[in-house]
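Q: Just one file: query25.txt, with compact mmCIF, C-alpha atoms.
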```txt
# COMPACT_ATOMS: atom_id res chain seq x y z
CA MET A 1 15.14 29.36 13.28
CA LYS A 2 11.44 28.83 12.57
CA ALA A 3 11.83 25.06 12.94
CA LEU A 4 13.80 25.54 16.17
CA ALA A 5 11.15 27.88 17.57
CA GLU A 6 8.43 25.34 16.76
CA GLN A 7 10.35 22.55 18.48
CA ILE A 8 10.88 24.73 21.58
CA ALA A 9 7.16 25.52 21.65
CA GLU A 10 6.42 21.78 21.62
CA LEU A 11 8.28 21.24 24.90
CA ASP A 12 5.99 20.59 27.85
CA ALA A 13 5.89 23.43 30.39
CA ALA A 14 5.17 21.02 33.25
CA GLU A 15 5.65 17.27 33.60
CA VAL A 16 2.37 15.38 33.94
CA TYR A 17 2.52 11.69 34.83
CA GLY A 18 0.49 8.81 36.16
CA ARG A 19 1.38 5.35 37.42
CA VAL A 20 1.15 1.87 35.90
CA MET A 21 -1.58 -0.09 37.70
CA GLY A 22 -1.58 -3.30 35.71
CA VAL A 23 -0.72 -5.13 32.50
CA ARG A 24 -3.22 -7.31 30.62
CA GLY A 25 -1.62 -8.98 27.63
CA LEU A 26 -0.58 -6.14 25.31
CA MET A 27 -2.53 -3.54 27.28
CA VAL A 28 -1.14 -1.34 30.08
CA GLU A 29 -3.50 0.31 32.59
CA ALA A 30 -2.38 3.67 33.96
CA ALA A 31 -3.96 5.71 36.76
CA GLY A 32 -3.43 9.39 37.50
CA PRO A 33 -4.40 12.54 35.60
CA VAL A 34 -6.73 10.81 33.15
CA HIS A 35 -8.12 14.23 32.13
CA ALA A 36 -4.71 14.95 30.52
CA MET A 37 -4.69 11.70 28.52
CA SER A 38 -6.78 11.99 25.36
CA VAL A 39 -7.18 9.13 22.90
CA GLY A 40 -4.11 9.13 20.65
CA ALA A 41 -1.94 10.95 23.22
CA ARG A 42 1.66 9.82 23.69
CA VAL A 43 2.73 8.41 27.05
CA THR A 44 6.23 7.21 27.99
CA ILE A 45 6.61 4.52 30.65
CA GLU A 46 9.81 4.86 32.67
CA THR A 47 11.12 1.41 33.63
CA GLY A 48 14.48 2.39 35.09
CA GLY A 49 16.10 1.10 31.90
CA ARG A 50 14.89 2.01 28.43
CA PRO A 51 11.72 4.13 28.25
CA ILE A 52 8.76 2.53 26.50
CA PRO A 53 6.66 4.85 24.32
CA CYS A 54 2.91 4.13 24.32
CA GLU A 55 -0.30 5.51 22.90
CA VAL A 56 -3.62 5.99 24.70
CA VAL A 57 -6.20 3.82 22.92
CA GLY A 58 -9.10 3.98 25.39
CA PHE A 59 -10.31 4.26 28.97
CA ASP A 60 -11.72 1.84 31.53
CA GLY A 61 -13.29 3.67 34.46
CA ASP A 62 -10.64 5.93 35.96
CA HIS A 63 -7.78 4.12 34.18
CA ALA A 64 -6.25 4.94 30.79
CA LEU A 65 -5.54 2.01 28.46
CA LEU A 66 -2.11 2.22 26.79
CA MET A 67 -0.67 0.23 23.88
CA PRO A 68 3.15 0.05 23.67
CA PHE A 69 5.37 0.76 20.67
CA ALA A 70 7.94 -1.69 22.07
CA ALA A 71 8.09 -4.88 24.13
CA LEU A 72 6.86 -4.58 27.72
CA GLU A 73 9.85 -6.23 29.39
CA GLY A 74 10.78 -4.29 32.52
CA VAL A 75 7.34 -2.75 33.14
CA ARG A 76 6.16 -3.17 36.72
CA ARG A 77 3.33 -1.86 38.84
CA GLY A 78 4.01 1.73 39.94
CA CYS A 79 6.21 2.76 36.98
CA ARG A 80 5.80 6.40 36.02
CA ALA A 81 3.74 7.05 32.86
CA VAL A 82 4.74 10.51 31.60
CA VAL A 83 2.15 12.24 29.39
CA SER A 84 3.23 14.31 26.37
CA SER A 85 1.04 17.16 25.13
CA VAL A 86 2.45 16.91 21.60
CA ALA A 87 0.57 14.74 19.12
CA GLY A 88 2.48 12.17 17.09
CA GLN A 89 4.17 13.89 14.16
CA VAL A 90 7.22 13.75 11.93
CA ARG A 91 9.35 16.32 10.10
CA PRO A 92 10.35 14.90 6.68
CA SER A 93 12.79 16.73 4.43
CA GLU A 94 14.61 16.33 1.11
CA GLY A 95 17.45 14.65 3.01
CA TRP A 96 15.23 11.63 3.69
CA LEU A 97 15.57 10.44 0.08
CA GLY A 98 17.67 7.31 -0.14
CA ARG A 99 17.08 6.44 3.52
CA VAL A 100 15.41 3.58 5.43
CA VAL A 101 13.45 4.46 8.57
CA ASN A 102 11.38 2.66 11.17
CA ALA A 103 7.75 3.39 12.00
CA MET A 104 8.72 6.29 14.28
CA GLY A 105 10.73 8.03 11.55
CA GLN A 106 14.11 7.05 13.03
CA PRO A 107 16.92 5.89 10.69
CA VAL A 108 17.72 2.17 10.68
CA ASP A 109 20.20 2.08 7.77
CA GLY A 110 23.31 3.14 9.73
CA LYS A 111 23.82 6.28 7.64
CA GLY A 112 23.53 8.79 10.49
CA ASP A 113 20.80 11.14 11.62
CA LEU A 114 18.02 12.39 9.38
CA PRO A 115 17.85 16.16 8.72
CA PRO A 116 14.52 17.47 10.09
CA GLY A 117 12.21 19.48 7.88
CA LEU A 118 10.67 22.85 8.67
CA SER A 119 7.05 21.76 9.09
CA PRO A 120 5.62 18.91 11.17
CA TYR A 121 3.33 16.37 9.52
CA PRO A 122 0.91 14.44 11.77
CA PHE A 123 1.08 10.66 11.53
CA ARG A 124 -2.72 10.58 11.31
CA ASN A 125 -3.41 13.41 8.91
CA ALA A 126 -6.75 14.22 7.29
CA PRO A 127 -7.04 13.89 3.48
CA PRO A 128 -7.52 17.06 1.41
CA SER A 129 -11.06 18.38 1.14
CA ALA A 130 -12.99 16.59 -1.61
CA HIS A 131 -14.15 19.78 -3.38
CA ALA A 132 -10.61 21.26 -3.35
CA ARG A 133 -8.88 18.27 -4.88
CA LYS A 134 -7.77 18.20 -8.49
CA ARG A 135 -8.83 15.42 -10.83
CA VAL A 136 -6.47 12.55 -11.58
CA GLY A 137 -3.71 13.45 -14.01
CA ALA A 138 -2.23 11.93 -17.14
CA PRO A 139 -1.59 8.17 -17.50
CA LEU A 140 1.36 6.95 -15.44
CA ASP A 141 3.93 4.63 -17.01
CA LEU A 142 4.28 1.71 -14.56
CA GLY A 143 6.78 -0.22 -16.70
CA VAL A 144 4.64 -3.40 -16.58
CA ARG A 145 2.95 -3.90 -19.95
CA ALA A 146 -0.01 -5.94 -18.65
CA LEU A 147 -0.93 -3.06 -16.33
CA ASN A 148 -0.05 -0.24 -18.72
CA THR A 149 -2.20 -1.72 -21.46
CA PHE A 150 -5.25 -3.24 -19.79
CA THR A 151 -5.50 -1.39 -16.44
CA THR A 152 -3.93 1.97 -17.22
CA CYS A 153 -3.25 3.95 -14.03
CA CYS A 154 -3.32 7.76 -13.89
CA ARG A 155 -1.31 10.07 -11.64
CA GLY A 156 -3.17 10.40 -8.37
CA GLN A 157 -5.09 7.14 -8.77
CA ARG A 158 -5.24 4.48 -6.04
CA MET A 159 -5.02 0.82 -7.03
CA GLY A 160 -5.04 -2.40 -5.04
CA ILE A 161 -2.98 -5.50 -5.84
CA PHE A 162 -4.97 -8.49 -4.56
CA ALA A 163 -3.20 -11.83 -4.20
CA GLY A 164 -2.78 -14.83 -1.94
CA SER A 165 0.53 -15.66 -0.29
CA GLY A 166 3.32 -16.76 -2.62
CA VAL A 167 1.65 -15.59 -5.84
CA GLY A 168 4.21 -12.89 -6.63
CA LYS A 169 2.78 -9.57 -5.44
CA SER A 170 6.05 -8.54 -3.77
CA VAL A 171 7.94 -9.18 -7.02
CA LEU A 172 5.35 -7.13 -8.92
CA LEU A 173 5.79 -4.36 -6.35
CA SER A 174 9.56 -4.41 -6.91
CA MET A 175 9.04 -4.13 -10.69
CA LEU A 176 6.84 -1.08 -10.14
CA ALA A 177 9.32 0.52 -7.72
CA ARG A 178 12.14 0.14 -10.24
CA ASN A 179 10.37 1.11 -13.46
CA VAL A 180 7.64 3.64 -12.63
CA GLN A 181 7.92 7.18 -14.02
CA ALA A 182 7.52 9.13 -10.75
CA ASP A 183 9.52 11.88 -9.02
CA VAL A 184 9.61 10.25 -5.57
CA ILE A 185 8.73 6.77 -4.31
CA VAL A 186 7.68 6.14 -0.71
CA ILE A 187 7.62 2.44 0.17
CA GLY A 188 5.93 1.11 3.30
CA LEU A 189 6.84 -2.46 4.28
CA VAL A 190 4.19 -3.17 6.93
CA GLY A 191 4.61 -6.45 8.82
CA GLU A 192 7.24 -7.62 6.31
CA ARG A 193 9.57 -10.55 6.89
CA GLY A 194 12.82 -9.23 8.32
CA ARG A 195 14.89 -11.51 6.06
CA GLU A 196 13.39 -9.99 2.90
CA VAL A 197 14.08 -6.31 3.67
CA GLN A 198 17.74 -6.33 2.57
CA GLU A 199 16.88 -8.47 -0.48
CA PHE A 200 14.25 -5.91 -1.49
CA LEU A 201 16.61 -2.97 -1.00
CA GLN A 202 19.64 -4.47 -2.77
CA ASP A 203 18.21 -6.79 -5.43
CA ASP A 204 14.81 -5.32 -6.25
CA LEU A 205 15.15 -1.59 -5.63
CA GLY A 206 18.88 -1.16 -6.30
CA GLU A 207 20.99 1.94 -5.72
CA ALA A 208 19.30 3.98 -8.44
CA GLY A 209 15.82 3.15 -7.16
CA LEU A 210 16.75 3.80 -3.53
CA ALA A 211 18.20 7.23 -4.40
CA ARG A 212 14.71 8.54 -5.21
CA SER A 213 12.91 6.57 -2.49
CA VAL A 214 12.14 6.62 1.21
CA VAL A 215 11.56 3.16 2.71
CA VAL A 216 9.56 2.66 5.93
CA VAL A 217 10.04 -0.74 7.59
CA ALA A 218 8.09 -2.41 10.39
CA THR A 219 8.77 -6.15 10.49
CA SER A 220 6.27 -8.80 11.56
CA ASP A 221 7.86 -9.27 15.00
CA GLU A 222 7.26 -5.64 16.03
CA PRO A 223 4.27 -4.63 18.19
CA ALA A 224 0.92 -4.00 16.52
CA LEU A 225 1.16 -0.26 17.17
CA MET A 226 4.47 -0.06 15.26
CA ARG A 227 3.02 -1.96 12.31
CA ARG A 228 0.03 0.37 12.17
CA GLN A 229 2.28 3.40 12.61
CA ALA A 230 4.40 2.36 9.62
CA ALA A 231 1.37 2.74 7.35
CA TYR A 232 0.58 6.18 8.78
CA LEU A 233 4.20 7.31 8.40
CA THR A 234 4.32 6.13 4.77
CA LEU A 235 1.43 8.45 3.89
CA ALA A 236 2.80 11.32 6.00
CA ILE A 237 6.13 11.27 4.10
CA ALA A 238 4.26 11.03 0.78
CA GLU A 239 2.17 14.07 1.79
CA TYR A 240 5.31 16.11 2.42
CA PHE A 241 6.68 15.47 -1.08
CA ARG A 242 3.20 16.01 -2.59
CA ASP A 243 3.04 19.44 -0.92
CA GLU A 244 6.43 20.19 -2.48
CA GLY A 245 4.81 19.77 -5.91
CA ARG A 246 6.20 16.28 -6.63
CA ASP A 247 4.39 13.36 -8.24
CA VAL A 248 4.76 10.65 -5.61
CA LEU A 249 4.23 6.90 -5.88
CA ALA A 250 3.26 5.37 -2.53
CA LEU A 251 3.73 1.58 -2.41
CA MET A 252 2.44 -0.29 0.64
CA ASP A 253 2.89 -3.98 1.37
CA SER A 254 0.43 -4.70 2.80
CA VAL A 255 -2.88 -3.15 3.80
CA THR A 256 -3.99 -6.50 5.22
CA ARG A 257 -1.22 -6.45 7.82
CA PHE A 258 -2.26 -2.90 8.73
CA ALA A 259 -5.80 -4.21 9.26
CA MET A 260 -4.50 -7.13 11.33
CA ALA A 261 -2.52 -4.72 13.52
CA GLN A 262 -5.62 -2.58 14.02
CA ARG A 263 -7.58 -5.72 14.89
CA GLU A 264 -5.04 -6.60 17.60
CA ILE A 265 -5.29 -3.09 19.02
CA GLY A 266 -9.09 -3.09 18.93
CA LEU A 267 -9.46 -6.50 20.57
CA SER A 268 -7.00 -5.52 23.31
CA ALA A 269 -9.03 -2.35 23.95
CA GLY A 270 -12.21 -4.40 24.35
CA GLU A 271 -13.88 -3.87 20.98
CA PRO A 272 -16.33 -6.58 19.88
CA PRO A 273 -15.08 -8.80 17.02
CA THR A 274 -17.16 -8.80 13.85
CA ALA A 275 -16.46 -10.48 10.47
CA LYS A 276 -13.52 -12.91 10.83
CA GLY A 277 -12.61 -11.27 14.14
CA TYR A 278 -12.02 -7.82 12.65
CA THR A 279 -13.19 -5.02 14.92
CA PRO A 280 -15.34 -2.06 13.77
CA THR A 281 -12.39 0.37 13.92
CA VAL A 282 -10.61 -1.64 11.20
CA PHE A 283 -13.26 -0.61 8.67
CA THR A 284 -13.18 2.96 10.01
CA GLU A 285 -9.39 3.30 9.73
CA LEU A 286 -9.07 1.76 6.25
CA PRO A 287 -10.74 4.64 4.35
CA ARG A 288 -9.04 7.21 6.60
CA LEU A 289 -5.68 5.75 5.55
CA LEU A 290 -6.35 5.10 1.86
CA GLU A 291 -8.12 8.42 1.18
CA ARG A 292 -4.90 10.25 2.06
CA ALA A 293 -3.48 9.09 -1.28
CA GLY A 294 -4.73 10.75 -4.44
CA PRO A 295 -4.40 14.08 -6.25
CA GLY A 296 -3.58 17.17 -4.19
CA THR A 297 -5.07 20.64 -4.35
CA GLU A 298 -4.01 23.42 -6.75
CA GLY A 299 -0.25 23.96 -6.66
CA GLN A 300 0.43 20.56 -5.14
CA GLY A 301 1.59 17.33 -6.71
CA SER A 302 -0.14 13.97 -6.42
CA ILE A 303 0.14 10.68 -4.54
CA THR A 304 -0.45 7.63 -6.70
CA GLY A 305 -1.14 4.77 -4.32
CA LEU A 306 -0.53 1.08 -5.02
CA PHE A 307 -1.53 -1.06 -2.05
CA THR A 308 -1.15 -4.82 -1.83
CA VAL A 309 -3.90 -6.86 -0.19
CA LEU A 310 -3.09 -10.35 1.10
CA VAL A 311 -6.33 -12.28 0.52
CA ASP A 312 -6.93 -14.92 3.17
CA GLY A 313 -7.12 -18.42 1.71
CA ASP A 314 -7.29 -17.01 -1.85
CA ASP A 315 -10.78 -15.72 -1.01
CA HIS A 316 -11.04 -12.40 -2.83
CA ASN A 317 -14.32 -11.63 -1.07
CA GLU A 318 -12.99 -11.82 2.50
CA PRO A 319 -13.82 -8.74 4.65
CA VAL A 320 -10.62 -6.68 4.24
CA ALA A 321 -10.32 -7.33 0.49
CA ASP A 322 -13.99 -6.49 0.00
CA ALA A 323 -13.71 -3.25 1.98
CA VAL A 324 -10.50 -2.12 0.24
CA ARG A 325 -11.88 -2.91 -3.21
CA GLY A 326 -14.81 -0.56 -2.53
CA ILE A 327 -12.50 2.29 -1.44
CA LEU A 328 -9.84 2.21 -4.16
CA ASP A 329 -10.01 3.33 -7.80
CA GLY A 330 -9.27 -0.07 -9.25
CA HIS A 331 -7.99 -3.53 -8.42
CA ILE A 332 -5.34 -5.82 -9.89
CA VAL A 333 -6.12 -9.48 -9.25
CA MET A 334 -3.31 -12.04 -9.15
CA GLU A 335 -4.27 -15.71 -9.23
CA ARG A 336 -2.47 -18.80 -7.97
CA ALA A 337 -3.58 -20.90 -10.96
CA ILE A 338 -1.81 -18.52 -13.35
CA ALA A 339 1.36 -18.56 -11.23
CA GLU A 340 1.28 -22.36 -11.07
CA ARG A 341 1.48 -22.61 -14.84
CA GLY A 342 4.56 -20.36 -14.83
CA ARG A 343 3.27 -17.05 -16.16
CA TYR A 344 4.52 -14.07 -14.17
CA PRO A 345 3.28 -11.57 -13.21
CA ALA A 346 0.25 -13.77 -12.53
CA ILE A 347 -2.34 -11.06 -13.28
CA ASN A 348 -5.85 -12.09 -14.25
CA ILE A 349 -6.67 -9.38 -16.79
CA LEU A 350 -10.37 -10.25 -16.98
CA LYS A 351 -10.86 -9.76 -13.23
CA SER A 352 -8.69 -6.63 -12.99
CA VAL A 353 -10.26 -3.19 -13.35
CA SER A 354 -9.01 0.39 -13.49
CA ARG A 355 -11.81 2.86 -12.85
CA THR A 356 -10.15 5.45 -15.10
CA MET A 357 -10.49 3.15 -18.11
CA PRO A 358 -11.29 3.53 -20.95
CA ARG A 359 -10.65 7.30 -20.68
CA ALA A 360 -7.05 6.74 -19.55
CA ALA A 361 -6.11 4.55 -22.53
CA ASP A 362 -4.81 5.90 -25.82
CA PRO A 363 -7.97 6.31 -27.98
CA ALA A 364 -6.10 5.08 -31.06
CA TYR A 365 -5.48 1.70 -29.44
CA LEU A 366 -8.74 1.34 -27.51
CA PRO A 367 -10.36 -0.97 -30.14
CA VAL A 368 -7.30 -3.27 -29.94
CA ILE A 369 -7.50 -3.39 -26.14
CA MET A 370 -11.23 -4.20 -26.20
CA ARG A 371 -10.73 -6.86 -28.84
CA ALA A 372 -7.92 -8.46 -26.82
CA ARG A 373 -10.20 -8.62 -23.77
CA GLN A 374 -12.93 -10.25 -25.86
CA VAL A 375 -10.51 -12.85 -27.21
CA MET A 376 -9.24 -13.68 -23.70
CA ALA A 377 -12.83 -13.89 -22.39
CA THR A 378 -13.79 -16.29 -25.20
CA TYR A 379 -10.84 -18.54 -24.40
CA ALA A 380 -11.63 -18.44 -20.65
CA ASP A 381 -15.24 -19.50 -21.33
CA MET A 382 -14.15 -22.50 -23.41
CA GLU A 383 -10.90 -23.33 -21.59
CA GLU A 384 -12.15 -26.50 -19.89
CA LEU A 385 -13.55 -27.93 -23.12
CA ILE A 386 -10.37 -27.05 -25.01
CA ARG A 387 -8.12 -28.71 -22.42
CA LEU A 388 -10.30 -31.83 -22.32
CA GLY A 389 -10.27 -32.06 -26.13
CA ALA A 390 -14.07 -31.76 -26.27
CA TYR A 391 -14.00 -28.75 -28.59
CA ARG A 392 -13.89 -29.54 -32.31
CA PRO A 393 -11.86 -27.03 -34.36
CA GLY A 394 -13.99 -25.21 -36.90
CA SER A 395 -17.12 -25.21 -34.74
CA SER A 396 -16.80 -21.50 -33.95
CA PRO A 397 -14.60 -18.90 -35.70
CA GLU A 398 -14.39 -16.86 -32.47
CA VAL A 399 -13.14 -19.83 -30.45
CA ASP A 400 -10.69 -20.81 -33.20
CA GLU A 401 -9.27 -17.28 -33.16
CA ALA A 402 -9.04 -17.34 -29.35
CA ILE A 403 -7.09 -20.63 -29.49
CA ARG A 404 -4.73 -19.24 -32.13
CA LEU A 405 -4.06 -16.02 -30.22
CA HIS A 406 -3.87 -17.55 -26.72
CA GLY A 407 -0.13 -18.29 -26.92
CA PRO A 408 0.93 -14.85 -28.23
CA LEU A 409 -1.28 -13.07 -25.67
CA GLU A 410 0.13 -15.13 -22.80
CA ALA A 411 3.65 -14.27 -24.00
CA PHE A 412 2.65 -10.58 -24.08
CA LEU A 413 1.33 -10.70 -20.50
CA ALA A 414 4.44 -12.49 -19.20
CA GLN A 415 7.31 -10.19 -18.24
CA ALA A 416 10.68 -10.81 -16.64
CA LYS A 417 11.50 -9.05 -13.39
CA GLU A 418 14.31 -7.01 -15.01
CA ASP A 419 12.27 -6.10 -18.12
CA ALA A 420 10.52 -2.75 -18.54
CA THR A 421 7.97 -1.81 -21.20
CA GLY A 422 6.69 1.73 -21.75
CA LEU A 423 3.10 2.74 -22.42
CA ALA A 424 3.48 3.33 -26.16
CA GLU A 425 5.58 0.19 -26.69
CA GLY A 426 2.97 -1.95 -24.94
CA TYR A 427 0.19 -0.69 -27.20
CA GLN A 428 2.30 -1.29 -30.30
CA ARG A 429 3.22 -4.85 -29.29
CA LEU A 430 -0.42 -5.67 -28.61
CA GLU A 431 -1.45 -4.26 -31.99
CA LYS A 432 1.03 -6.60 -33.73
CA ILE A 433 -0.66 -9.57 -32.05
CA LEU A 434 -4.20 -8.39 -32.90
CA PRO A 435 -4.08 -6.43 -36.15
CA PRO A 436 -7.27 -4.50 -36.94
CA PRO A 437 -9.88 -6.59 -38.82
CA ALA A 438 -9.84 -6.26 -42.59
CA THR A 439 -12.59 -4.02 -43.98
CA GLU A 440 -15.02 -5.50 -46.48
CA ASN A 441 -15.12 -4.13 -50.03
```
Is it possible to give me this structure as structure tokens?
A:
Amino acid sequence: MKALAEQIAELDAAEVYGRVMGVRGLMVEAAGPVHAMSVGARVTIETGGRPIPCEVVGFDGDHALLMPFAALEGVRRGCRAVVSSVAGQVRPSEGWLGRVVNAMGQPVDGKGDLPPGLSPYPFRNAPPSAHARKRVGAPLDLGVRALNTFTTCCRGQRMGIFAGSGVGKSVLLSMLARNVQADVIVIGLVGERGREVQEFLQDDLGEAGLARSVVVVATSDEPALMRRQAAYLTLAIAEYFRDEGRDVLALMDSVTRFAMAQREIGLSAGEPPTAKGYTPTVFTELPRLLERAGPGTEGQGSITGLFTVLVDGDDHNEPVADAVRGILDGHIVMERAIAERGRYPAINILKSVSRTMPRAADPAYLPVIMRARQVMATYADMEELIRLGAYRPGSSPEVDEAIRLHGPLEAFLAQAKEDATGLAEGYQRLEKILPPPATEN
């Protein structure tokens, strides 16, 4: 009854509408009661056929600028633009588990309607207050031994997966979705290829993985506002389960496509382009989105966020990657050169950092982890000379050890898609490769 009363209260007492005055590319200009159209307000354009939902993104003189959530076919000058007083929100519930929804929270899996929850969650919610938040929790078992061992992630931490196209970040994401030790998984596929959605659901996630997951899909052919909305909805659903006391894993592929969608919206609204054409609001919206993940307040669960970043031209210092790296609590770097030599996941351990290390690692195995990093760094420094045959064995004991251990360490870092390795098992396997140095008598 409470939910019903809230929904009745959300109904508009009077219908307020304007008229479409023009269309410029992706932007619709509407005249009328501009005082009733605030930025972010929902407006529905009536075309005589299907209604087109829009959002107010700005103003130009006495006209409101609207961005559509759907294609603009059928819009003509003079169409009614009906203003809604209710902000964009969604009502998740326990019945959403195992379901696939679009960016508006509507089911797209053919399994019927979604049961609404009691409380509404805004699409664009504010993160918890910094002083009220708990600290990150215990280490989280991701099931991928390279990450568990060298970049240990804690519950409530936010990590970025940085990679160029075709390097294997989507496969790594599927490994995490299948193997992670979390109560609920919320997966946001932002700007994803439509062909790959069913492959991800059936082959990568599987029935068992989907049963504890909610998947939000906005494919690359959908309007920019839908792609941006999918990212907001992913965090809104994760916040619902966090408030229920669950430990949630939020996976988003990818933040870069969210930034591209925001760039399209900003350019259409008349914002000036800055670095690589990205508008200022891109770098305002990124922290507002990513800060929503993290530990909750007392009595709440946590949202562990893993966000993929598609680096443009394998440039890990391009504007979006650089901004995201400064916001998150760590970064996992995947390199094309590693993938080309057939080692998957193609994670560069030396360039990957978890900001909870070394505190998050098992203290008993910390010396082994540090020694393994030193050995890999020594090999990386001398790799060119070794491959060219310019290094003479016996010249340096450290380099000789690095050459001897390179093969076993590469085998340790490689992992099949179906394989899963726990935290403790990963430490033990690494210790067998690098036994502690013998003590002198």
Q: With only C-alpha atoms as the atoms that count, which of A:Tyr391, A:Phe307, A:Phe241, A:Tyr427 lies nearest to Gly330 of chain A?
A: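 With only C-alpha atoms as the atom set, the closest residue is A:Phe307.
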Q: With a distance cut-off of 9 Å and only C-alpha atoms, select the neighbouring residues of segment 194-211 of chain A, excluding the residue or stretch itself and same-chain residues fewer than 2 positions from it, and output the selection as a VMD selection string.
A: chain A and resid 97 to 99 170 to 171 174 to 175 177 to 179 185 189 191 to 192 213 to 215 217 to 221 417 to 418
Q: May I ask which of the residues A:Val100, A:Val282, A:Ala138, A:Met159 is the closest one to Val353 of chain A, counting all atoms listed in the file?
A: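 Distance minimum relative to Val353 of chain A lands on A:Met159.
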Q: Show me, as a list in words, the residues that have an atom within 10 Å of Cys79 of chain A when counting only C-alpha atoms, minus same-chain residues fewer than 5 positions from it.
A: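 That gives Tyr17, Gly18, Arg19, Val20, Met21, Gly22, Ala30, Ile45, Glu46, Thr47, Gly48 and Gly74 of chain A.
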Q: Can you pull out every residue within 12 Å of Asp381 of chain A, counting only C-alpha atoms, but drop anything in the same chain fewer than 2 positions away, and send it as a PyMOL selection string?
A: chain A and resi 350+374-379+383-387+391+398-399+402-403
Q: Restricting the calculation to only C-alpha atoms: of A:Ala360, A:Ile332, A:Leu388, A:Leu66, which residue gets closest to Gly137 of chain A?
A: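 Ranked by minimum distance to Gly137 of chain A, first place goes to A:Ala360.
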